[in-house]
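A.B. asks: Have a look at this one before I ask anything.
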Amino acid sequence: MSIQFDEKAGVFSLVTANTLYQMRADGAGVLQHLYYGAKTGEDMSYRIRMVDRGFSGNPYEQRSERGYSLDTLPQEYAGSGVGDYRVPAVQVTSCSGSRSVDLRYRDCRIEKGREPLRQLPYVRGAGDTETLTVLLRDDVIGLEVQLLYHVFPSQDVIVRSARLINTGAQALTVEKAASACLDFLYGDFDAVHFHGRHCMERVPERVRLPRGVTAFGSRRGMSSHHSNPFVIACARHATENTGDCWGCMLMYSGSHLEEMEVDQTGSLRLVAGIQPDGFSWTLQPGELFETPEAILSFSGSGFNALSQQYHNVIRQHVIPQRYQQASRPVLINSWEAAYFDFDAEKILRFARSAREMGMEMLVLDDGWFGSRNDDTSGLGDWTVNEGKLGCSMKELSERIHALGLQFGLWFEPEMVNEDSELYRAHPDWALCDPGRRPVLSRNQLVLDMSRQEVVDYLFGAMCAVLDSARIEYVKWDFNRSVANCYSAALPASRQGEVPHRFMLGTYQLLERLLERYPGLMIEGCSGGGGRFDAGMLFYCPQIWCSDDTDPIERLEIQRGTSYGYPISAVGAHVSAAPCHQTGRVTPLRTRGIVAQAGTFGYELNPEALTDCEKEEIRAQIEEYHRFSGLISHGDYYRLTELEEERDYSAWMFVSPDRSEALVSLVLRHVRANGPVICVRLQGLKPDGLYRPEGGQKCFTGAALMRGGWVFDGLRGDYAAAQAHFVLEG
Ligand code: DGJ
């Protein structure tokens with residue numbers, strides 16, 4: 001049993017292969033957080049000291065125990081307004097106008113397996129998954145909170161969420177409902193968060209947590225390029241391979257908030273969930289609100305191990321089941337090859353040439369529908385522009401399949417241009433504040449996905465296209481931040497529900513499409529990686545990682561992404577040189593090696609390639625197939641430290657049985673008379689004998705891990721090298 005309840009002590013222990021998460025309901029019914037970290041086999045409540053601290057008040061019933069204060073006790077789901085002055089997990093306004101929430105323990109339930117969430121993506125259960133539900137109540141306002149803990153023992157993961165239920169007779173307004181609240185009693189902590197911008201997503205930044213609140217998050221109606229819903233709290237001296245670190249990843253694609261507060265005594269509280277700014281939710285008597293899930297994981301041996309735990313849980317329990325093992329097609333995407341300038345004949349020429357080089361799927365990007373010849377018009381009109389193509393989608397798809405390629409199509413369902421049939425017919429379907437002109441971005445408006453008729457329209461329109469031709473893949477784009485988040489269909493008092501209802505509408509549409517087309521592969525995208533999150537990964541086994549396809553920029557973007565997300569989810573393509581975003585010229589080999597640390601594909605005009613380049617691409621694709629199992633299912637290691645300035649980037653994959661390893665290195669800065677590059681490998685069997693490909697001599701894993709592997713002879717701008725090792729004994 002991975003969930004144990006010691007009734008006498010009131011202690012709950014959630015035990016995974018290497019970790020222990022512990023809490024207890026004390027005599028007053030406060031659900032105290034006791035510990036999250038490496039397994040100890042101990043009741044960890046001995047660490048709590050009741051110290052009488054000035055200005056930290058006592059609940060009325062405990063008024064004689066001056067050391068008992070909600071302000072200093074570590075808690076599982078902190079209420080508000082009742083003497084805990086740290087960031088709350090939950091804020092509710094009752095019909096009296098009172099804003100206090102005081103939750104006390106009532107009951108618990110331990111079950112095998114797990115129930116899906118009702119309307120949100122969730123971490124799929126497996127044979128060994130167990131669920132603890134802890135029931136808390138605030139009797140005064142009639143609020144019941146069910147805290148859910150799903151334990152994934154072999155992945156060292158605990159998934160948390162909360163359900164808020166109005167058991168009273170009057171409406172309640174939920175102002176904040178976090179997915180998880182984690183108190184760390186002792187320690188000196190750093191935070192790692194992932195900031196960014198369009199074309200530079202998920203840049204890790206490590207900050208020493210100061211006293212007070214440090215907050216990360218998004219108000220953009222999307223998880224965003226700017227702040228990924230994943231944070232790590234770590235010991236001050238944690239490195240890639242040593243030290244304690246705790247990850248908290250929100251499974252949500254909308255606005256979010258991660259708060260980290262170091263309080264008066266140096267304790268840390270981490271609260272993560274839906275962004276409360278701009279959010280409120282009316283709960284009528286009997287109604288229930290469910291929060292998104294937060295995926296928690298702990299590693300006692302640094303960031304690499306923590307990342308691998310996230311990679312495993314996402315690969316095994318988050319992405320659609322059929323892609324857990326299935327290999328992904330090597331695709332060519334038309335965007336950087338042609339942008340809006342194409343017809344069917346051009347696309348077919350791309351397809352022919354792509355097939356000759358060994359590619360497996362052609363994806364027709366933006367521009368095939370409505371009046372779409374640039375980004376000023378047509379979004380929302382999902383009817384095939386046969387005039388532009390010169391044929392029907394059915395015919396184009398048939399001809400592409402006849403060449404031996406699969407076929408994929410781009411959509412941007414949640415958006416509309418003012419210059420579109422859809423907007424002219426339903427201007428109120430776009431989000432817009434009454435009396436204001438909306439904010440435009442890339443000439444587009446955002447559809448009101450909180451309205452069922454909008455979701456139904458999109459479902460019908462997309463099905464009409466998907467039914468008309470054989471289409472194996474959809475690229476699902478989202479090219480602006482949400483603003484003017486006001487729905488013409490909801491009353492004034494419920495406008496705070498729009499941002500979250502928007503996400504529920506999007507998830508519903510994804511769900512319905514996958515139900516109807518179980519074989520369809522959806523690749524997520526949002527101007528590159530603006531919605532690279534576990535919520536989208538529930539539907540999309542891969543997500544276009546960035547609109548920046550420069551391999552040297554991608555080194556940073558893909559490395560940052562790897563902290564939380566598996567390589568098999570990272571959309572990465574070889575593009576043209578000079579790169580369209582930066583103008584940088586890089587060797588084709590380097591572009592290939594960088595794209596290999598992802599789903600691998602191409603995004604260039606094949607007609608502009610020389611014969612020599614075509615030959616190299618053919619070899620690249622063969623090589624990718626040779627290593628794709630290792631890349632998709634192996635353990636990934638970053639071989640340079642976080643924020644370390646080096647002349648090179650290096651990473652490696654090791655097969656789960658440690659019999660094979662692939663090391664990749666890209667030179668970012670070539671130097672005359674520079675130092676020899678020697679990289680210490682990771683994850684091998686210390687006493688195993690590994691033969692490098694093409695080499696005569698075997699090396700012990702210990703030698704390669706302690707002494708390293710020397711990469712010499714690298715010359716020229718942005719050269720890259722790989723070393724492949726096979727275990728021989
Ligand atoms: C942004 C995406 O990230 C690109 O790959 C491309 O699909 C364009 N949108 C098309 O408008």
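Each chain in the structure tokens gets a letter, A, B, ..., in the order shown, and its residues are numbered from 1; ligands are numbered from 1 in order too.
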Where in region 537-603 of chain A does DSSP assign helix (DSSP H, G or I), given as JSON, numbers by chain?

C.D. replies: {"A": [537, 551, 552, 553, 554, 555, 556, 557, 558, 559, 560, 561, 562, 567, 568, 569, 588, 589, 590, 591, 592, 593, 594, 595, 596]}

A.B. asks: For the selection just defined, write its residues with C-alpha atoms to a file, as a PDB file, in the first residue's frame.

C.D. replies:
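Heads up, here's the output in out.pdb:
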ATOM      1  CA  LEU A 537       0.072  17.134 -23.402  1.00  0.00           C
ATOM      2  CA  PRO A 551      19.609  25.385 -33.615  1.00  0.00           C
ATOM      3  CA  ILE A 552      21.857  27.503 -31.424  1.00  0.00           C
ATOM      4  CA  GLU A 553      18.859  29.260 -29.883  1.00  0.00           C
ATOM      5  CA  ARG A 554      17.118  25.888 -29.691  1.00  0.00           C
ATOM      6  CA  LEU A 555      19.951  24.594 -27.487  1.00  0.00           C
ATOM      7  CA  GLU A 556      18.704  26.908 -24.756  1.00  0.00           C
ATOM      8  CA  ILE A 557      15.009  26.484 -25.469  1.00  0.00           C
ATOM      9  CA  GLN A 558      15.090  22.688 -25.610  1.00  0.00           C
ATOM     10  CA  ARG A 559      17.397  22.439 -22.601  1.00  0.00           C
ATOM     11  CA  GLY A 560      15.021  24.627 -20.562  1.00  0.00           C
ATOM     12  CA  THR A 561      12.038  22.617 -21.759  1.00  0.00           C
ATOM     13  CA  SER A 562      13.732  19.377 -20.718  1.00  0.00           C
ATOM     14  CA  ILE A 567      12.163  14.925 -25.295  1.00  0.00           C
ATOM     15  CA  SER A 568       9.517  12.870 -27.108  1.00  0.00           C
ATOM     16  CA  ALA A 569       7.091  15.794 -26.613  1.00  0.00           C
ATOM     17  CA  LEU A 588      23.122  20.880 -41.580  1.00  0.00           C
ATOM     18  CA  ARG A 589      24.637  18.260 -39.297  1.00  0.00           C
ATOM     19  CA  THR A 590      24.250  20.533 -36.285  1.00  0.00           C
ATOM     20  CA  ARG A 591      20.660  21.329 -37.217  1.00  0.00           C
ATOM     21  CA  GLY A 592      19.995  17.587 -37.430  1.00  0.00           C
ATOM     22  CA  ILE A 593      21.595  16.769 -34.089  1.00  0.00           C
ATOM     23  CA  VAL A 594      19.629  19.504 -32.326  1.00  0.00           C
ATOM     24  CA  ALA A 595      16.321  18.470 -33.940  1.00  0.00           C
ATOM     25  CA  GLN A 596      17.093  14.886 -32.909  1.00  0.00           C
TER      26      GLN A 596
END

A.B. asks: As an NGL selection string, please: every protein or nucleic acid residue near ligand 1 (cut-off 8 Å, counting only C-alpha atoms and all ligand atoms).

C.D. replies: :A and (335-336 or 339 or 365-367 or 375 or 410 or 475 or 477-479 or 525-529 or 544 or 546-547)

A.B. asks: Excluding Leu431 (chain A) and any residue of its chain fewer than 6 positions from it, enumerate the residues within 10 Å of it, using only C-alpha atoms, and give them as a list in words.

C.D. replies: Met415, Pro438, Val439, Leu445, Val446, Leu447, Asp448, Met449, Ser450, Val482, Ala483, Asn484, Cys485, Tyr486, Ser487, Ala488 and Val498 of chain A

A.B. asks: Under the rule that only C-alpha atoms are counted, which of A:Ser371, A:Gln309, A:Ser218, A:Ser94 is the nearest residue to Asp139 (chain A)?

C.D. replies: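 Of A:Ser371, A:Gln309, A:Ser218, A:Ser94, the one nearest Asp139 (chain A), counting only C-alpha atoms, is A:Ser94.
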
A.B. asks: Hey, which of A:Asp428, A:Arg480, A:Gln22, A:Val262 ends up closest to Leu440 (chain A)? Count only C-alpha atoms.

C.D. replies: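 Counting only C-alpha atoms, the residue closest to Leu440 (chain A) is A:Arg480.
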
A.B. asks: Nearest to His256 (chain A) among A:Glu293, A:Glu287, A:Glu660, A:Glu42, with distances taken over only C-alpha atoms: which residue is it?

C.D. replies: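 Smallest distance to His256 (chain A) is found for A:Glu293.
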
A.B. asks: Using only C-alpha atoms for the distances, tell me which of A:Gly380, A:Gly694, A:Gly266, A:Pro499 is nearest to Phe184 (chain A).

C.D. replies: A:Gly266

A.B. asks: When you count only C-alpha atoms, which of these residues is closest to Asp550 (chain A): A:Ala354, A:Val271, A:Ile295, A:Met200?

C.D. replies: A:Met200

A.B. asks: Just give me the gap between CA of Thr242 (chain A) and CA of Phe303 (chain A) in Å, one decimal is fine.

C.D. replies: 7.6 Å

A.B. asks: Restricting the calculation to only C-alpha atoms: of A:Ala402, A:Leu34, A:Val213, A:Ala720, which residue gets closest to Pro587 (chain A)?

C.D. replies: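 Using only C-alpha atoms, the shortest distance to Pro587 (chain A) belongs to A:Ala720.
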
A.B. asks: Within 6 Å of Thr93 (chain A), counting only C-alpha atoms, which residues show up once you throw out same-chain ones fewer than 6 positions away? Write them as number ranges by chain, please.

C.D. replies: A: 99, 172-173

A.B. asks: Keeping C-alpha atoms, export the residues of the selection given above as a JSON list (two decimals), in the first residue's frame.

C.D. replies:
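Printed below is selection_5.json as written:
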[["chain", "number", "residue", "atom", "x", "y", "z"],
["A", 99, "ARG", "CA", -14.07, 36.44, 3.22],
["A", 172, "LEU", "CA", -20.49, 31.19, -2.37],
["A", 173, "THR", "CA", -17.98, 33.01, -4.55]]

A.B. asks: Give me the residues within 8 Å of Val654 (chain A) as JSON, numbers by chain, counting only C-alpha atoms and dropping any in the same chain fewer than 3 places off.

C.D. replies: {"A": [630, 634, 635, 636, 658, 659, 660, 661, 662, 683, 684]}

A.B. asks: For N, CA and C atoms, I'd like the residues from the last selection saved as a PDB file, in the first residue's frame.

C.D. replies:
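Below you can see again.pdb, which holds the result:
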ATOM      1  N   LEU A 630      15.854   5.005 -28.453  1.00  0.00           N
ATOM      2  CA  LEU A 630      16.709   5.475 -27.354  1.00  0.00           C
ATOM      3  C   LEU A 630      16.334   6.908 -26.964  1.00  0.00           C
ATOM      4  N   GLY A 634      14.511   6.598 -23.688  1.00  0.00           N
ATOM      5  CA  GLY A 634      15.672   6.544 -22.798  1.00  0.00           C
ATOM      6  C   GLY A 634      15.628   7.619 -21.719  1.00  0.00           C
ATOM      7  N   ASP A 635      16.595   7.545 -20.810  1.00  0.00           N
ATOM      8  CA  ASP A 635      16.746   8.591 -19.787  1.00  0.00           C
ATOM      9  C   ASP A 635      17.599   9.702 -20.376  1.00  0.00           C
ATOM     10  N   TYR A 636      17.147  10.926 -20.179  1.00  0.00           N
ATOM     11  CA  TYR A 636      17.832  12.085 -20.745  1.00  0.00           C
ATOM     12  C   TYR A 636      18.635  12.774 -19.649  1.00  0.00           C
ATOM     13  N   ARG A 658      20.457   0.536 -19.630  1.00  0.00           N
ATOM     14  CA  ARG A 658      21.817   1.096 -19.601  1.00  0.00           C
ATOM     15  C   ARG A 658      22.786   0.368 -20.550  1.00  0.00           C
ATOM     16  N   SER A 659      22.213  -0.231 -21.590  1.00  0.00           N
ATOM     17  CA  SER A 659      23.078  -0.968 -22.509  1.00  0.00           C
ATOM     18  C   SER A 659      23.516  -0.105 -23.696  1.00  0.00           C
ATOM     19  N   GLU A 660      22.971   1.088 -23.796  1.00  0.00           N
ATOM     20  CA  GLU A 660      23.271   1.910 -24.955  1.00  0.00           C
ATOM     21  C   GLU A 660      23.189   3.376 -24.549  1.00  0.00           C
ATOM     22  N   ALA A 661      24.062   4.174 -25.109  1.00  0.00           N
ATOM     23  CA  ALA A 661      24.013   5.615 -24.794  1.00  0.00           C
ATOM     24  C   ALA A 661      24.398   6.426 -26.017  1.00  0.00           C
ATOM     25  N   LEU A 662      23.792   7.591 -26.136  1.00  0.00           N
ATOM     26  CA  LEU A 662      24.091   8.494 -27.242  1.00  0.00           C
ATOM     27  C   LEU A 662      24.383   9.874 -26.654  1.00  0.00           C
ATOM     28  N   GLY A 683      24.741   8.061 -15.970  1.00  0.00           N
ATOM     29  CA  GLY A 683      23.728   7.011 -16.078  1.00  0.00           C
ATOM     30  C   GLY A 683      24.205   5.654 -16.573  1.00  0.00           C
ATOM     31  N   LEU A 684      25.523   5.465 -16.748  1.00  0.00           N
ATOM     32  CA  LEU A 684      26.010   4.176 -17.255  1.00  0.00           C
ATOM     33  C   LEU A 684      26.200   3.204 -16.094  1.00  0.00           C
TER      34      LEU A 684
END

A.B. asks: Rounded to one decimal, what separation in Å do you get between CA of Gly535 (chain A) and CA of Met503 (chain A)?

C.D. replies: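 For CA of Gly535 (chain A) relative to CA of Met503 (chain A), the distance reads 9.8 Å.
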